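Next comes run-v4.txt, a file with compact mmCIF, C-alpha atoms.
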# COMPACT_ATOMS: atom_id res chain seq x y z
CA MET L 8 19.51 6.21 -23.40
CA ASP L 9 17.60 8.18 -20.72
CA ASN L 10 14.81 6.51 -18.81
CA ILE L 11 12.00 8.27 -20.68
CA ALA L 12 13.38 7.15 -24.06
CA TYR L 13 13.92 3.62 -22.74
CA PHE L 14 10.34 3.21 -21.53
CA LYS L 15 8.94 4.78 -24.70
CA GLU L 16 10.90 2.20 -26.68
CA GLN L 17 9.52 -0.61 -24.53
CA PHE L 18 6.01 0.81 -24.89
CA ASP L 19 6.27 0.92 -28.67
CA ARG L 20 7.00 -2.81 -28.67
CA LEU L 21 3.65 -3.58 -27.08
CA ASP L 22 1.12 -5.08 -29.44
CA SER L 23 -2.10 -5.55 -27.50
CA PRO L 24 -4.91 -3.41 -28.95
CA ASP L 25 -7.97 -3.61 -26.71
CA ALA L 26 -10.45 -1.41 -24.86
CA LEU L 27 -7.64 0.12 -22.77
CA SER L 28 -5.36 1.10 -25.67
CA GLY L 29 -6.43 4.76 -25.60
CA LEU L 30 -5.84 5.03 -21.85
CA ARG L 31 -2.41 3.44 -22.24
CA GLN L 32 -1.40 5.91 -24.94
CA SER L 33 -2.60 9.00 -23.06
CA SER L 34 -0.79 7.77 -19.93
CA MET L 35 2.41 7.24 -21.91
CA ASN L 36 2.10 10.81 -23.13
CA SER L 37 1.70 11.94 -19.52
CA PHE L 38 4.77 9.96 -18.50
CA SER L 39 6.79 11.57 -21.31
CA ASN L 40 5.80 15.01 -19.99
CA LEU L 41 6.18 14.28 -16.28
CA GLY L 42 9.15 11.93 -16.20
CA ILE L 43 10.42 10.29 -13.02
CA PRO L 44 10.01 12.59 -9.99
CA THR L 45 13.07 14.12 -8.37
CA THR L 46 13.56 15.72 -4.96
CA ARG L 47 12.59 19.05 -6.54
CA ASN L 48 9.05 17.66 -6.50
CA GLU L 49 7.63 18.55 -3.08
CA GLU L 50 5.88 15.16 -2.78
CA TRP L 51 9.24 13.43 -3.29
CA LYS L 52 11.39 15.85 -1.32
CA TYR L 53 12.82 13.21 1.04
CA THR L 54 12.84 10.20 -1.29
CA ARG L 55 15.34 9.82 -4.13
CA ILE L 56 13.59 7.44 -6.47
CA SER L 57 15.08 8.37 -9.86
CA SER L 58 18.15 6.14 -9.49
CA LEU L 59 15.92 3.06 -9.46
CA PHE L 60 14.85 3.80 -13.03
CA ASN L 61 18.37 4.15 -14.43
CA ARG L 62 18.70 0.53 -15.49
CA GLU L 63 17.25 -1.73 -18.13
CA TYR L 64 14.49 -3.82 -16.63
CA LEU L 65 12.69 -6.85 -17.90
CA ILE L 66 9.07 -5.67 -18.31
CA ASN L 67 5.98 -7.91 -18.61
CA ASN L 68 8.42 -10.79 -18.37
CA THR L 69 7.07 -14.35 -18.23
CA THR L 70 8.79 -16.75 -15.86
CA ALA L 71 8.65 -20.26 -14.48
CA ILE L 72 7.21 -20.08 -10.97
CA THR L 73 6.28 -23.37 -9.32
CA ALA L 74 3.73 -24.34 -6.69
CA ALA L 75 6.65 -24.92 -4.33
CA ASP L 76 7.66 -21.26 -4.76
CA ILE L 77 4.16 -20.21 -3.74
CA ASP L 78 4.17 -22.55 -0.75
CA THR L 79 7.27 -20.87 0.70
CA ILE L 80 5.44 -17.55 1.11
CA ALA L 81 1.88 -18.78 1.73
CA LEU L 82 -0.05 -16.92 4.39
CA PRO L 83 -1.88 -18.86 7.12
CA ALA L 84 -5.03 -20.63 5.85
CA HIS L 85 -3.86 -20.14 2.27
CA ALA L 86 -5.57 -23.36 1.17
CA THR L 87 -9.04 -22.07 2.07
CA ALA L 88 -8.59 -18.40 1.18
CA ASN L 89 -9.42 -16.60 -2.04
CA VAL L 90 -6.03 -16.29 -3.72
CA ILE L 91 -4.91 -13.79 -6.36
CA VAL L 92 -1.35 -14.13 -7.64
CA PHE L 93 0.63 -11.64 -9.72
CA ILE L 94 3.94 -12.84 -11.18
CA ASN L 95 6.19 -10.05 -12.43
CA GLY L 96 3.12 -7.85 -12.41
CA ILE L 97 0.99 -10.21 -14.54
CA PHE L 98 -2.07 -11.98 -13.14
CA SER L 99 -1.56 -15.74 -12.91
CA ASN L 100 -4.76 -17.71 -13.36
CA GLU L 101 -2.82 -20.94 -12.73
CA PHE L 102 -1.98 -20.11 -9.12
CA SER L 103 -5.09 -18.08 -8.28
CA ALA L 104 -8.32 -19.43 -6.82
CA ILE L 105 -11.64 -17.72 -6.08
CA ARG L 106 -13.46 -19.88 -3.54
CA SER L 107 -16.24 -17.55 -2.36
CA ALA L 108 -19.48 -17.37 -4.31
CA GLY L 109 -19.77 -13.62 -3.75
CA LEU L 110 -16.63 -12.78 -5.74
CA SER L 111 -16.14 -12.38 -9.49
CA LEU L 112 -12.69 -12.01 -11.02
CA CYS L 113 -11.74 -11.28 -14.62
CA PRO L 114 -8.88 -9.68 -16.57
CA LEU L 115 -9.01 -5.89 -16.45
CA GLU L 116 -8.84 -5.66 -20.23
CA GLU L 117 -11.86 -7.94 -20.47
CA ALA L 118 -13.82 -6.00 -17.83
CA ALA L 119 -13.30 -2.83 -19.87
CA SER L 120 -15.54 -4.27 -22.59
CA ASN L 121 -18.00 -6.61 -20.83
CA GLU L 122 -20.84 -5.96 -18.35
CA TYR L 123 -18.43 -4.07 -16.10
CA LYS L 124 -17.56 -1.59 -18.83
CA SER L 125 -19.28 1.39 -17.19
CA ILE L 126 -17.60 0.75 -13.82
CA VAL L 127 -14.16 0.50 -15.39
CA SER L 128 -14.73 3.61 -17.51
CA LYS L 129 -15.85 5.62 -14.48
CA HIS L 130 -13.30 4.52 -11.90
CA LEU L 131 -10.12 3.25 -13.57
CA ASN L 132 -7.20 5.70 -13.25
CA HIS L 133 -8.99 7.98 -10.77
CA SER L 134 -5.73 7.87 -8.77
CA SER L 135 -4.07 10.06 -11.42
CA GLN L 136 -6.10 13.00 -10.09
CA TYR L 137 -4.06 12.78 -6.88
CA LEU L 138 -0.75 11.35 -8.10
CA LYS L 139 0.54 13.73 -10.71
CA ASP L 140 3.87 12.02 -11.27
CA GLY L 141 5.39 9.86 -13.96
CA ILE L 142 5.46 6.67 -11.89
CA ASN L 143 1.69 6.42 -11.65
CA ALA L 144 1.37 7.31 -15.34
CA LEU L 145 3.94 4.65 -16.28
CA ASN L 146 1.96 1.94 -14.48
CA THR L 147 -1.17 2.91 -16.42
CA ALA L 148 0.73 3.04 -19.72
CA PHE L 149 1.87 -0.54 -19.22
CA ILE L 150 -1.44 -2.00 -18.00
CA HIS L 151 -1.22 -5.64 -18.99
CA GLY L 152 -2.42 -8.67 -17.07
CA GLY L 153 -4.34 -6.57 -14.55
CA ILE L 154 -7.51 -7.69 -12.79
CA PHE L 155 -11.04 -6.52 -12.03
CA LEU L 156 -12.50 -7.93 -8.81
CA HIS L 157 -16.19 -7.52 -7.99
CA VAL L 158 -17.44 -8.12 -4.45
CA HIS L 159 -21.13 -8.69 -5.02
CA LYS L 160 -23.91 -6.68 -3.40
CA ASN L 161 -25.14 -7.98 -0.01
CA LYS L 162 -22.41 -10.63 0.18
CA VAL L 163 -20.31 -11.23 3.29
CA ILE L 164 -17.07 -12.86 2.13
CA ASP L 165 -16.16 -15.21 4.97
CA GLN L 166 -12.81 -16.26 3.52
CA PRO L 167 -10.10 -13.57 3.18
CA VAL L 168 -8.72 -12.43 -0.16
CA TYR L 169 -4.94 -12.94 -0.28
CA ILE L 170 -3.06 -11.00 -2.96
CA TYR L 171 0.49 -12.17 -3.67
CA ASN L 172 2.84 -9.92 -5.66
CA ILE L 173 5.72 -12.18 -6.68
CA THR L 174 8.74 -10.95 -8.60
CA ASP L 175 11.17 -13.40 -10.22
CA ALA L 176 14.54 -11.62 -10.31
CA ARG L 177 16.60 -14.77 -10.82
CA ASN L 178 17.48 -13.93 -14.44
CA GLY L 179 17.91 -10.15 -14.38
CA HIS L 180 16.51 -6.87 -13.10
CA VAL L 181 12.71 -6.83 -13.17
CA LEU L 182 10.10 -4.08 -13.19
CA SER L 183 6.71 -5.39 -12.05
CA GLN L 184 3.63 -3.21 -12.46
CA PRO L 185 0.55 -5.00 -11.04
CA ARG L 186 -2.74 -3.20 -11.62
CA SER L 187 -6.14 -3.93 -10.12
CA LEU L 188 -9.56 -2.36 -9.86
CA VAL L 189 -11.77 -3.59 -7.01
CA TYR L 190 -15.48 -2.82 -6.80
CA VAL L 191 -17.16 -3.54 -3.44
CA GLY L 192 -20.94 -3.59 -3.80
CA GLN L 193 -23.59 -2.32 -1.42
CA GLN L 194 -23.71 -3.98 2.02
CA ALA L 195 -20.81 -6.26 1.12
CA GLN L 196 -18.05 -7.19 3.57
CA VAL L 197 -14.55 -8.33 2.60
CA ASN L 198 -11.04 -8.67 4.01
CA PHE L 199 -7.90 -8.21 1.88
CA THR L 200 -4.29 -9.06 2.76
CA GLU L 201 -1.57 -8.12 0.30
CA ILE L 202 2.06 -9.29 0.48
CA TYR L 203 5.19 -9.03 -1.67
CA HIS L 204 7.99 -11.48 -2.35
CA THR L 205 11.01 -11.46 -4.67
CA LEU L 206 12.88 -14.54 -5.85
CA GLY L 207 16.54 -14.15 -6.81
CA THR L 208 19.18 -11.54 -6.06
CA ALA L 209 18.95 -9.14 -9.01
CA GLU L 210 17.40 -5.76 -8.38
CA SER L 211 13.64 -5.46 -8.65
CA LEU L 212 11.13 -2.65 -8.57
CA THR L 213 7.43 -3.22 -7.99
CA SER L 214 5.24 -0.28 -9.03
CA GLN L 215 1.77 -1.39 -7.96
CA VAL L 216 -1.59 0.40 -8.19
CA MET L 217 -4.82 -0.82 -6.61
CA GLU L 218 -7.92 1.32 -7.08
CA MET L 219 -10.89 0.39 -4.93
CA VAL L 220 -14.49 1.63 -5.02
CA VAL L 221 -16.63 1.06 -1.91
CA GLU L 222 -20.41 1.37 -2.14
CA GLN L 223 -23.17 2.09 0.42
CA ASP L 224 -23.00 0.24 3.78
CA ALA L 225 -20.01 -1.85 2.72
CA ILE L 226 -17.22 -2.80 5.15
CA VAL L 227 -13.63 -3.34 4.00
CA GLU L 228 -10.58 -4.53 5.93
CA TYR L 229 -7.32 -4.09 4.02
CA TYR L 230 -3.87 -5.16 5.24
CA LYS L 231 -0.55 -4.66 3.44
CA ILE L 232 2.59 -6.53 4.58
CA GLN L 233 6.01 -5.56 3.16
CA ASN L 234 9.08 -7.54 4.20
CA GLU L 235 11.47 -7.73 1.23
CA GLY L 236 15.24 -7.81 0.80
CA LYS L 237 17.41 -4.77 0.27
CA ALA L 238 17.51 -5.30 -3.53
CA ALA L 239 13.72 -5.13 -3.77
CA SER L 240 12.12 -1.68 -3.93
CA GLN L 241 8.48 -0.69 -4.21
CA VAL L 242 6.17 2.15 -5.10
CA SER L 243 2.77 0.98 -3.89
CA THR L 244 -0.49 2.89 -4.33
CA THR L 245 -3.80 2.00 -2.69
CA HIS L 246 -6.49 4.45 -3.80
CA ILE L 247 -9.85 3.95 -2.06
CA ARG L 248 -12.99 5.84 -3.08
CA GLN L 249 -15.84 5.59 -0.60
CA VAL L 250 -18.71 6.56 -2.88
CA GLY L 251 -21.39 5.42 -0.41
CA LYS L 252 -21.62 5.61 3.37
CA SER L 253 -19.13 2.88 4.31
CA LEU L 254 -16.39 1.77 6.68
CA VAL L 255 -12.81 1.09 5.60
CA ASN L 256 -9.98 -0.01 7.91
CA THR L 257 -6.42 -0.23 6.57
CA VAL L 258 -3.22 -1.44 8.23
CA THR L 259 0.18 -1.09 6.52
CA ILE L 260 3.13 -3.05 7.97
CA THR L 261 6.55 -2.31 6.45
CA LEU L 262 9.53 -4.17 7.90
CA ASP L 263 12.19 -4.33 5.21
CA GLY L 264 13.11 -3.52 1.62
CA GLY L 265 15.28 -1.19 -0.41
CA ILE L 266 13.31 2.00 -1.10
CA VAL L 267 9.64 1.63 -0.19
CA ARG L 268 7.08 4.31 -1.03
CA ASN L 269 3.46 3.78 0.04
CA ASN L 270 0.68 6.02 -1.27
CA LEU L 271 -2.58 5.46 0.62
CA HIS L 272 -5.67 7.51 -0.22
CA ALA L 273 -9.12 7.64 1.37
CA ILE L 274 -11.42 9.69 -0.85
CA MET L 275 -14.61 10.25 1.12
CA GLU L 276 -17.41 11.08 -1.30
CA ALA L 277 -20.50 10.18 0.78
CA GLU L 278 -21.81 11.59 4.04
CA HIS L 279 -21.24 9.59 7.26
CA THR L 280 -18.33 7.72 5.70
CA GLU L 281 -15.67 6.39 8.08
CA ALA L 282 -12.02 5.54 7.41
CA HIS L 283 -9.28 4.31 9.76
CA MET L 284 -5.66 4.18 8.59
CA TYR L 285 -2.97 2.52 10.69
CA GLY L 286 0.67 1.88 9.93
CA LEU L 287 3.82 0.43 11.47
CA TYR L 288 7.25 0.73 9.86
CA PHE L 289 10.33 -0.90 11.38
CA PRO L 290 13.34 -0.66 9.02
CA ASP L 291 17.00 -1.28 9.69
CA GLY L 292 20.19 -1.24 7.63
CA THR L 293 19.87 1.31 4.83
CA THR L 294 16.17 0.75 4.13
CA HIS L 295 14.18 3.87 3.25
CA ILE L 296 10.42 3.90 3.94
CA ASP L 297 8.15 6.71 2.79
CA ASN L 298 4.46 6.72 3.78
CA HIS L 299 2.34 9.31 1.97
CA THR L 300 -1.34 9.44 2.90
CA ILE L 301 -4.29 11.52 1.75
CA VAL L 302 -7.71 11.82 3.37
CA ASP L 303 -9.98 13.92 1.17
CA ASN L 304 -13.25 14.98 2.80
CA ALA L 305 -15.42 16.02 -0.13
CA VAL L 306 -18.76 16.01 1.77
CA PRO L 307 -19.97 16.75 5.34
CA HIS L 308 -20.28 14.42 8.34
CA CYS L 309 -17.26 12.16 7.74
CA LEU L 310 -14.87 10.62 10.26
CA SER L 311 -11.25 9.61 9.74
CA ASN L 312 -8.57 8.48 12.14
CA GLU L 313 -4.95 8.02 11.10
CA PHE L 314 -2.22 6.60 13.35
CA TYR L 315 1.26 5.62 12.15
CA LYS L 316 4.22 4.48 14.24
CA GLY L 317 7.85 4.11 13.23
CA ILE L 318 10.81 2.28 14.77
CA MET L 319 14.02 3.31 13.03
CA ASP L 320 17.22 1.28 13.40
CA GLY L 321 20.63 1.08 11.74
CA GLN L 322 21.11 3.72 9.04
CA SER L 323 17.49 3.58 7.96
CA THR L 324 15.43 6.60 7.00
CA GLY L 325 11.72 7.15 7.33
CA VAL L 326 9.23 9.62 5.91
CA PHE L 327 5.67 10.27 6.95
CA ASN L 328 3.66 12.83 4.99
CA GLY L 329 -0.04 12.83 5.80
CA LYS L 330 -2.52 15.25 4.24
CA ILE L 331 -6.08 15.88 5.33
CA PHE L 332 -8.24 17.93 2.97
CA VAL L 333 -11.57 19.37 4.08
CA ARG L 334 -13.43 20.87 1.12
CA LYS L 335 -15.46 24.09 1.30
CA ASP L 336 -18.87 22.48 1.86
CA ALA L 337 -17.63 19.58 4.01
CA GLN L 338 -18.87 20.74 7.41
CA LYS L 339 -19.07 18.63 10.59
CA ILE L 340 -15.87 16.72 9.75
CA ASN L 341 -13.93 14.80 12.41
CA ALA L 342 -10.40 14.05 11.21
CA PHE L 343 -7.46 13.02 13.38
CA GLN L 344 -3.88 12.24 12.48
CA SER L 345 -0.88 11.17 14.56
CA ASN L 346 2.64 9.98 13.77
CA LYS L 347 5.03 8.72 16.45
CA ASN L 348 8.62 7.59 15.94
CA VAL L 349 11.36 5.96 18.00
CA LEU L 350 15.00 6.16 16.90
CA LEU L 351 17.10 3.19 18.05
CA SER L 352 20.30 4.36 16.37
CA ASP L 353 22.17 7.64 16.13
CA ASN L 354 22.46 7.01 12.40
CA ALA L 355 18.73 6.56 11.80
CA SER L 356 16.50 9.47 10.85
CA VAL L 357 12.89 10.33 10.12
CA ASN L 358 11.14 13.24 8.41
CA THR L 359 7.53 13.69 9.47
CA LYS L 360 5.09 16.20 8.02
CA PRO L 361 1.43 15.97 9.05
CA GLN L 362 -0.71 18.51 7.17
CA LEU L 363 -4.22 19.96 7.33
CA GLU L 364 -5.81 21.88 4.48
CA ILE L 365 -9.21 23.08 5.66
CA TYR L 366 -11.71 25.20 3.73
CA ALA L 367 -14.73 24.66 6.02
CA ASP L 368 -15.30 26.33 9.39
CA ASP L 369 -17.29 23.79 11.45
CA VAL L 370 -14.87 20.89 11.81
CA LYS L 371 -12.81 19.01 14.41
CA CYS L 372 -9.37 18.25 13.03
CA SER L 373 -6.06 17.60 14.74
CA HIS L 374 -2.61 16.38 13.82
CA GLY L 375 0.66 15.80 15.59
CA CYS L 376 4.00 14.02 15.48
CA THR L 377 6.75 12.94 17.85
CA VAL L 378 10.32 11.73 17.39
CA GLY L 379 12.33 10.36 20.31
CA SER L 380 14.42 7.53 21.69
CA ILE L 381 13.54 4.47 23.75
CA ASP L 382 12.26 5.20 27.26
CA GLU L 383 15.37 4.68 29.40
CA GLU L 384 13.40 4.67 32.65
CA SER L 385 11.21 1.80 31.47
CA LEU L 386 14.30 0.00 30.18
CA PHE L 387 16.03 0.44 33.54
CA TYR L 388 12.94 -0.82 35.37
CA LEU L 389 12.86 -4.06 33.38
CA GLN L 390 16.60 -4.57 33.78
CA SER L 391 16.30 -4.01 37.52
CA ARG L 392 13.89 -6.96 37.53
CA GLY L 393 16.56 -9.23 36.10
CA ILE L 394 15.66 -8.97 32.41
CA PRO L 395 18.75 -8.57 30.18
CA ARG L 396 18.91 -5.31 28.22
CA LYS L 397 18.35 -6.95 24.83
CA GLU L 398 15.23 -8.79 25.95
CA ALA L 399 13.99 -5.72 27.83
CA MET L 400 14.37 -3.63 24.68
CA ALA L 401 12.44 -6.23 22.68
CA LEU L 402 9.60 -6.25 25.21
CA LEU L 403 9.29 -2.48 25.09
CA LEU L 404 9.26 -2.42 21.29
CA GLN L 405 6.67 -5.18 21.12
CA GLY L 406 4.50 -3.18 23.48
CA TYR L 407 5.06 -0.06 21.37
CA ALA L 408 3.81 -1.88 18.26
CA THR L 409 0.83 -3.54 19.92
CA ASP L 410 -1.74 -0.78 19.39
CA ILE L 411 -1.11 -0.96 15.64
CA LEU L 412 -0.99 -4.75 15.37
CA GLU L 413 -4.25 -5.17 17.28
CA LYS L 414 -5.99 -3.35 14.44
CA ILE L 415 -5.42 -6.44 12.26
CA LYS L 416 -8.71 -8.18 12.98
CA LEU L 417 -7.92 -11.33 10.99
CA GLU L 418 -6.25 -13.39 13.71
CA PRO L 419 -4.07 -15.67 11.52
CA VAL L 420 -2.64 -12.64 9.72
CA ARG L 421 -2.09 -10.76 12.97
CA THR L 422 -0.23 -13.76 14.41
CA TYR L 423 1.82 -14.00 11.22
CA VAL L 424 2.91 -10.35 11.52
CA GLU L 425 3.61 -10.68 15.25
CA GLU L 426 5.91 -13.60 14.50
CA LEU L 427 7.76 -11.58 11.85
CA ILE L 428 8.37 -8.81 14.37
CA ALA L 429 9.33 -11.27 17.11
CA LYS L 430 11.84 -12.87 14.75
CA ARG L 431 13.21 -9.44 14.00
CA LEU L 432 13.61 -8.77 17.72
CA LEU L 433 15.14 -12.23 18.21
CA VAL L 434 12.64 -13.25 20.87
CA GLU L 435 9.64 -15.54 20.86
CA THR L 436 6.19 -14.05 20.57
CA VAL L 437 4.70 -13.66 24.04

What is this structure when it is put down as structure tokens?
Amino acid sequence: MDNIAYFKEQFDRLDSPDALSGLRQSSMNSFSNLGIPTTRNEEWKYTRISSLFNREYLINNTTAITAADIDTIALPAHATANVIVFINGIFSNEFSAIRSAGLSLCPLEEAASNEYKSIVSKHLNHSSQYLKDGINALNTAFIHGGIFLHVHKNKVIDQPVYIYNITDARNGHVLSQPRSLVYVGQQAQVNFTEIYHTLGTAESLTSQVMEMVVEQDAIVEYYKIQNEGKAASQVSTTHIRQVGKSLVNTVTITLDGGIVRNNLHAIMEAEHTEAHMYGLYFPDGTTHIDNHTIVDNAVPHCLSNEFYKGIMDGQSTGVFNGKIFVRKDAQKINAFQSNKNVLLSDNASVNTKPQLEIYADDVKCSHGCTVGSIDEESLFYLQSRGIPRKEAMALLLQGYATDILEKIKLEPVRTYVEELIAKRLLVETV
């Protein structure tokens, strides 16, 4: 049975008529037409994803996760944070906790028919306008156990929102498809940190979609941390619409995994909107990491800054494909994009493709990329001061990563990531 027929069969077994049934069916039709992307698709030219779908997965699978399992992956200050837990792609009310008065959380299916109906109708699945592939459509077709999170108008959320995507692969291969819609009200401020963790040794694939709407004068900090095993692969989409003048800062840290594809979009729909997108990827072994970003300037007077760094080791492969769109009437745009890469191994490789697509004539836009090896002169200097080569290399790489890590403004999370990298480099954090 081919993968399209398999997923259609699994879809036909679903029996959950609700306000999203029509969207599910139309998305399943789209999946049937589009299928799983191959390297013939320009957006997937360097990432072979189809093999991950050639197996029978457990879908929407319930499992027995314990509090002890959660404790093993808890982020710093977990006990006081707002916590949202997905288990095999399904929201877990048992392990989640909303502690801030300015937040409201409810099932996505419920939000589609309650007082949030108009918001859900207007904004859910907007990502499909930019991701015209079967993977995004498949996630929408199997929406089940998703969430709607509302950050209330004029509220400053002092405690961070931690989102845990947990996959239990102890009893077979698992496909997890978490789905969330986040609405950040006017003049609200909030900080999100999202992490992933797989239990067990069977193969797992997490196909996650978060769609976020940011209103006037809101400020959003969003951090994604990916540090899985080689049997755990991901296709992760974060689609952010800035519908009012607002500020959004994102930091994506990818350290390990099987095949990891990150889609990050900043859709700038209001004048004087500002978006900053930072990323660090540091794979080894045979890990493949693909960062695809879009900045779409639909109106004038917007600012975006994008800076991604890669450190490639072992036989790992990296991809960076960043697109900046400037629409016809979007004058006075400032948009900057940079991708820098260091290859630590002769067997590692990276494909980088920064792109500008500009239809306005009064803009300031730039892009660039570099690929090179470690600075031997700096390495020699440290060694000449009595520092062994291994430790000298670690110091240089820590310094190389610093200007990305310092963009994580939440200190406990920044320290957590610094310790992960220090452990990777086999030295203590300075």

Given only C-alpha atoms as the counted atoms, nearest of L:Ala148, L:Ala26, L:Ala74, L:Ile80 to L:Ala118:
L:Ala26

At a cut-off of 8 Å, using all atoms listed in the file, what residues contact stretch 308-319 of chain L? Leave out same-chain residues fewer than 3 positions from it and give the result as an MDAnalysis selection string.
chainID L and resid 275 277:291 302 304 323:325 337:352 355:357 408 411

Considering only C-alpha atoms, state which residue in the set L:Ala75, L:Leu433, L:Leu417, L:Ile150 is at the smallest distance from L:Glu398.
L:Leu433

A straight line from atom CA of L:His130 to atom CA of L:Phe60 spans 28.2 Å

List as a PyMOL selection string: which residues have an atom within 7 Å of (-12.9, 9.8, 1.5), counting only C-alpha atoms?
chain L and resi 248-249+273-276+302-305

Let me make sure I understand: among L:Gln32, L:Ser243, L:Ser385, L:Gln193, which one has the smallest atom-to-atom distance to L:Thr147 if we use all atoms listed in the file?
L:Gln32

I'd like the neighbourhood of L:Gly96 as a PDB file with C-alpha atoms, keeping the file's coordinate frame, where a residue qualifies if any of its atoms comes within 8 Å (using only C-alpha atoms), though same-chain residues fewer than 5 positions away should be ignored.
ATOM      1  CA  ASN L  67       5.980  -7.910 -18.610  1.00  0.00           C
ATOM      2  CA  GLY L 152      -2.420  -8.670 -17.070  1.00  0.00           C
ATOM      3  CA  GLY L 153      -4.340  -6.570 -14.550  1.00  0.00           C
ATOM      4  CA  ASN L 172       2.840  -9.920  -5.660  1.00  0.00           C
ATOM      5  CA  ILE L 173       5.720 -12.180  -6.680  1.00  0.00           C
ATOM      6  CA  THR L 174       8.740 -10.950  -8.600  1.00  0.00           C
ATOM      7  CA  LEU L 182      10.100  -4.080 -13.190  1.00  0.00           C
ATOM      8  CA  SER L 183       6.710  -5.390 -12.050  1.00  0.00           C
ATOM      9  CA  GLN L 184       3.630  -3.210 -12.460  1.00  0.00           C
ATOM     10  CA  PRO L 185       0.550  -5.000 -11.040  1.00  0.00           C
ATOM     11  CA  ARG L 186      -2.740  -3.200 -11.620  1.00  0.00           C
ATOM     12  CA  THR L 213       7.430  -3.220  -7.990  1.00  0.00           C
ATOM     13  CA  GLN L 215       1.770  -1.390  -7.960  1.00  0.00           C
TER      14      GLN L 215
END
